[in-house]
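Have a look at the structure below, then the notes.
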Amino acid sequence: HDRLAFECHTMLCGRSVPVVSVFFGLCLALALVPSLAYVYPCTHKSSSGDFYDLSPLTKCDLSGYTVGSGGGDDQFQVNICQEVDDCGGQEAVCQADYFKAGLASQGSFSDLPGGGKGLVLTYGGGDGGGCPHPRTSVFTFNCDPAATTPVFTYSGEKPQCTYNFQVRSSVACPVQQAPQRQVCPINVWLVPHTHDDVGWLQTIDGYYQSEVKHILDTVVAALVANPSRKFMYVEQAFFWRWWTDPNTSDTQRSQLKTLVQNGQFEFVLGGWTMPDEACTTFGAEVDQLTLGHQFIYNTFNFRPTKGWQIDPFGASSVTPTLSKLAGFDVQLIDRTTNKGEMEANQRLQFVWQGSPSLGKKSEIFGEVMGGGANGYCDWFFSFDFEKDPVNSGNVAQYATTFVNMVNARKGWYKTPNILAQWGCDFAFQNATPMFNSMDKLVAQLQATQDTTHVFVKYATLSEYWQAVFQAVNNNFGDFPVNIGGDFFDYDDSLWWSGYFTSRVQLKGIVRRGEATARAMETLYSIGRASGVAPDTSGTAANQLTPLRLANADATHHDGVTGTSVPEVVSMYENDILNGAQAAGTLGAGVLSAFLGQKTLGGEVAAGPALTTSVDALLNFKNGTIPLVLYNSLGWTRHDIINLPINRNDVRVYDAANRPVVFQVNQNFDVDEFNVTSTYRLFFQASLPALSYVTYFVVSGSSDPEAIPVSEVWAGLEDTTISNNVLAVTLSSSTGRISNVINKVDGVAVDLDLDIARYISLHSGAYAFTPKGNAAPLSAQQPKTTIVKGPIVTEIYQEFVCDGSASSFIKQSIRIVQANASADVQGALCVHFKLGVLPSHHEIVSVVRSSVQSAGVFATDSNGFEMQQRKYVYDLGIQGNYFPMVYAAYIRDRHSQVALIAERSHGAASLVPGELECMVHRNPDMGDGFGPGLTDTDIVRPALRVLVSAPSSVGLHRHSYLHNFPVQVFVAPSVQSVASFTSAYTSSGQFMAADLPSNVHLLSFAYLQTNQFIVRLTHLFAVDEDESLAVPVTVDLSKLFPKMQVKTITETTLSATKQIVGPAPSQVVLSPKEIRTFVVTF
């Protein structure tokens, strides 16, 4: 909209403001004149000697009055006695004679005829801005003693470009004496900080030794030297290293404890890392937050209450939800798109309600840091004290620069408080000289504050927010509200949507580490709480620590994102894999103890030596291999187990020595973490909730029906493959799937499952910028092999790629044939083998369907809640890509097509009825924001494609089944099934019954002594399902029948603070609730 602003000046308590700002269109009033220290009362002395004081009409929160109706050019935002941003023609219109002074135009007063009965305030000289004449605004004020709230009326544009307003108000009545001049301060809270990346250009240990150790050493010394200094710290991955470092002295530890106690040193956020918000699961975020908070609380008896997510590349709607549940009242973020618009319209601070289902239970106060793309570094970068320390010769100029920065920003906020976050990446490596310069600057600013009205002091983040809350009396009604919204995608000259997919192998290992940790945590907790594997010394729990730490490290926003240098990527991968091996050894020991019980609850004997390695299965010659399967989920599951094997003359039996239907296929090398083998063994397994079951692979006899022949499909006619749920048609004209029917739901969808490629233009680890639309790999049909067996039908395809001598893209589509549950039969399981990709290739799996999605689709937010997206043409391809952690879908009134992932990807719906997922990328170039991305890994991601009626039931269930697979433990070869079952307890269930299908056991983790964290979450959002999106009750006292519950205490999310009141054993979960309990057994 066109925008026009004029002003004269006054001083009001609480703000420094000019007289009037008028903005045409739906634009909010702005703030200040940068060079102005204070202004004068907006008064007029009439010809009869009366005084008029208009200053009470000012809204100090800068929101202004809405004048007119109908929107567009007939609606205005007016603020009497208000400042405007500048006089550069962009934010204000200035008279020429005031332009050089940096002041906006002043209005002129005149009396109405009749002396003392009214007042006219005219603003002229405004830039035409498309108007043929200079714009003029005329305000006629009428005295109305009863109008304590002013009544503004727009009376039209006459003559052209002159805008006329009538104002009835009690302050338009004349007074006998001019008001006294008043002074209005701006409070600046100077918060020193450092942002320490938990891996990026260096490994974690590399950063610690070269930079972070010096930061913490010197900051502690600097704070001890001057009690007025303050500092805040975030990343516990580094702080824990410093605290446990033998080179950190006891004196330093003691000093740090004192600094925390006296409020000089504050922990903010307090998680292990500052986690990424696009690629992480909400469960991983909870785990790393708990890890950090428990360390802080146990060491310092301190609980962080402020969130600080200032470097992740966009912000998720899950952030305020988890923050609120952790006991935070504020969440600061930084990297967002359209920050300038937020500054101009005073929307940097807002009420942020993360989940519409949870309402105020997920509501927190949010702030986007103003300034540039790296707002958290703005103040630090503006004062280069390392090169030019403060001294008597330059301190005045530094102070002027500081005051100008304050004046340039104060109009962005609704209270007279500004956060000056002083720091950046790995700042304060030599803290003492930095603080010495800051001390001199602060002293200069304090010495001149009566003139500048800028009041500066060192502060912690909590002190800043206490002042903001006090200024509004904890009433946030005037602040904008963001309900369920996120801040994706992030645009910093390029759209940062590439990292949703970057480093596909790393993303898969991260998700595998999360699943392994959860499985082994629950096993250890069950063993310890039940007394079967008591670990009285606590040494066994140490085997969980490496994986806990590695998983937490990888949540860092340059970790799972794939935006670090290759050396650091390898560090994350290796740490998780090594940690998983140690945790697996622990889990195997606990499970062995349960096997050693002849009856559950009876005396424990030595169990078999279990391992998570499949070597015994690969190498056994004769005999029987026991496979002990563990289900860590709280629901019964019926899964197809898929393992490598080097022989096909085998059979499968259950613990009752009954034959189990199985299948041995040629190994097409499409399974993740592939072990080189000749074949893949498939069989169906049924596992109750939170249980283990033993199956047996017996060598020496083969079943011809279980060894299907691989046949190359000629493609002469369409082929349909069916099970009890799906009918899938393979088209002879394309060589690809063309139609899917869900026989249970009665839904038929034309569906083309294709693979395409983008060619990189300015892509890198962060950004995705293609040359144009995704193009087909080739005009040729893929080479297709079909394997039909009693368990699965496998459609294996090799795609021909133009310009390549060999196929670097292969996929296998598996359709379950066994008499299994709809969970298994209702999905197309797509496994890929991708790579080595040529340079500048970004590969997508594309689903083209007959679904009438109208440009709307949905992706999940960190696996917690679905977020609706709408295609926006002006944002291009890359701006319409969004993170998919677990799921994405398109739907219409009758049908739905969904994708379920086992690692994070970028996803988009660029054309109605289409859904695409980026599955691998090798830009082989940089985007200018950090390390480039050259990814020559061969990767094997997997997707599940669901075709159904519109429903979220399958989305949620498949998300957890796909991401938390059955854990397989292998025992040494035995003589027979009977010899094993007679010696050991071959199955066991640790949960009384299945949890309700809308409840997930998020955590069962050891805390300390006999205390364990139990977290439950409701899977459904309000109105997401008629029967499942409802409150549900779980009885914690009866959940684990083999363990005697002594006490139940409900706590905050990270289990550091008890929620007031006794925790009932009967827990009611409303839609999307997460509830955390500390249970003593």
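So you can find residues: chains in the structure tokens are A, B, ... in the order shown, residues in each start at 1, and ligands are numbered from 1 in order.
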Which residues come within 7 Å of Arg229 in chain A, counting only C-alpha atoms, excluding same-chain residues fewer than 5 positions away, as a ChimeraX atom specification?
/A:223,264,458
Restrict the selected residues to C-alpha atoms and save them as a PDB file, in the first residue's frame.
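Below is the file result.pdb, written as the result:
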ATOM      1  CA  LEU A 223      33.232 -12.502  35.885  1.00  0.00           C
ATOM      2  CA  GLN A 264      26.219 -13.566  36.965  1.00  0.00           C
ATOM      3  CA  TYR A 458      24.943  -5.753  31.973  1.00  0.00           C
TER       4      TYR A 458
END
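All residues of protein, DNA or RNA that reach within 10 Å of range 472-474 of chain A, judged by only C-alpha atoms and not counting those fewer than 4 positions away in the chain, are Asp61, Lys414, Thr415, Gln466, Ala467, Val468 and Asp478 of chain A.
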Contacts of Leu591 in chain A within 9 Å, only C-alpha atoms, excl. fewer than 6 positions in-chain, as JSON, numbers by chain:
{"A": [523, 524, 527, 533, 607, 610, 628, 630, 692, 969]}
Keeping only N, CA, C and O atoms, write those residues as an mmCIF file, in the first residue's frame.
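In the end it all went to out.cif:
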data_model
loop_
_atom_site.group_PDB
_atom_site.id
_atom_site.type_symbol
_atom_site.label_atom_id
_atom_site.label_comp_id
_atom_site.auth_asym_id
_atom_site.auth_seq_id
_atom_site.Cartn_x
_atom_site.Cartn_y
_atom_site.Cartn_z
ATOM 1 N N LEU A 523 14.889 -51.703 27.513
ATOM 2 C CA LEU A 523 15.334 -53.010 28.002
ATOM 3 C C LEU A 523 16.083 -52.875 29.320
ATOM 4 O O LEU A 523 15.832 -53.629 30.282
ATOM 5 N N TYR A 524 17.020 -51.932 29.378
ATOM 6 C CA TYR A 524 17.788 -51.737 30.606
ATOM 7 C C TYR A 524 16.859 -51.365 31.756
ATOM 8 O O TYR A 524 16.994 -51.882 32.881
ATOM 9 N N GLY A 527 14.881 -54.368 32.922
ATOM 10 C CA GLY A 527 15.731 -55.285 33.668
ATOM 11 C C GLY A 527 16.041 -54.776 35.053
ATOM 12 O O GLY A 527 15.985 -55.518 36.043
ATOM 13 N N ALA A 533 17.809 -57.820 36.010
ATOM 14 C CA ALA A 533 19.167 -57.358 35.705
ATOM 15 C C ALA A 533 19.396 -56.088 36.515
ATOM 16 O O ALA A 533 19.349 -54.971 35.994
ATOM 17 N N GLY A 607 21.869 -66.857 30.855
ATOM 18 C CA GLY A 607 21.203 -66.957 29.576
ATOM 19 C C GLY A 607 22.200 -67.130 28.456
ATOM 20 O O GLY A 607 23.413 -67.124 28.670
ATOM 21 N N LEU A 610 23.888 -63.434 23.702
ATOM 22 C CA LEU A 610 23.259 -62.785 22.554
ATOM 23 C C LEU A 610 24.171 -61.714 21.968
ATOM 24 O O LEU A 610 25.036 -61.165 22.641
ATOM 25 N N VAL A 628 16.264 -63.794 18.669
ATOM 26 C CA VAL A 628 15.431 -63.218 19.723
ATOM 27 C C VAL A 628 15.032 -61.812 19.269
ATOM 28 O O VAL A 628 15.880 -60.930 19.103
ATOM 29 N N TYR A 630 12.877 -58.235 19.655
ATOM 30 C CA TYR A 630 12.390 -57.367 20.730
ATOM 31 C C TYR A 630 11.574 -56.228 20.137
ATOM 32 O O TYR A 630 12.018 -55.508 19.240
ATOM 33 N N TYR A 692 9.566 -59.708 24.002
ATOM 34 C CA TYR A 692 10.516 -60.402 23.150
ATOM 35 C C TYR A 692 9.952 -61.773 22.810
ATOM 36 O O TYR A 692 9.208 -62.383 23.584
ATOM 37 N N PHE A 969 18.283 -59.875 17.961
ATOM 38 C CA PHE A 969 19.450 -60.400 18.673
ATOM 39 C C PHE A 969 19.668 -61.847 18.220
ATOM 40 O O PHE A 969 18.701 -62.598 18.050
#
So that I can see what lies close to Ser1065 in chain A, please list as a ChimeraX atom specification the residues with an atom at most 12 Å from it, counting only C-alpha atoms and leaving out residues fewer than 3 positions away in the same chain.
/A:1033-1039,1045-1050,1062,1068,1077-1079
Need to verify the contact set: Asn631 in chain A, 8 Å, only C-alpha atoms, exclusion of same-chain residues closer than 3 positions in sequence. Can you return it as a PyMOL selection string?
chain A and resi 519+637+687-692+965-967
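With only C-alpha atoms as the atoms that count, the minimum distance from Val847 in chain A to the choices A:Ser807, A:Ile890, A:Lys870, A:His214 is reached by A:Ile890.
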So which one's closest to His1000 in chain A, A:Gly634, A:Gly928, A:Pro644, A:Gly485? Using only C-alpha atoms, please.
A:Gly634
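Each of A:Thr401, A:Ser169, A:Ser849, A:Thr611 was compared to Asp752 in chain A using only C-alpha atoms, and A:Ser849 turns out to be the nearest.
Here CA of Trp379 in chain A and CA of Asp205 in chain A stand 28.4 Å from one another.
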Just list as a PyMOL selection string whatever in range 359-593 of chain A DSSP marks as alpha helix (DSSP H).
chain A and resi 378-381+395-409+431-447+449-452+461-471+504-530+545-554+566-593
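Closest approach to Ile1013 in chain A among A:Val286, A:Ala858, A:Ala685, A:Ile877 is made by A:Val286 (distances from only C-alpha atoms).
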Residue set, range 617-862 of chain A restricted to strand (DSSP E), as a PyMOL selection string:
chain A and resi 624-631+637-645+650-654+659-660+662-666+679-687+691-699+711-712+719-722+726-730+737-742+747-759+775-776+783-788+792-799+809-816+827-834+841-849+856-861
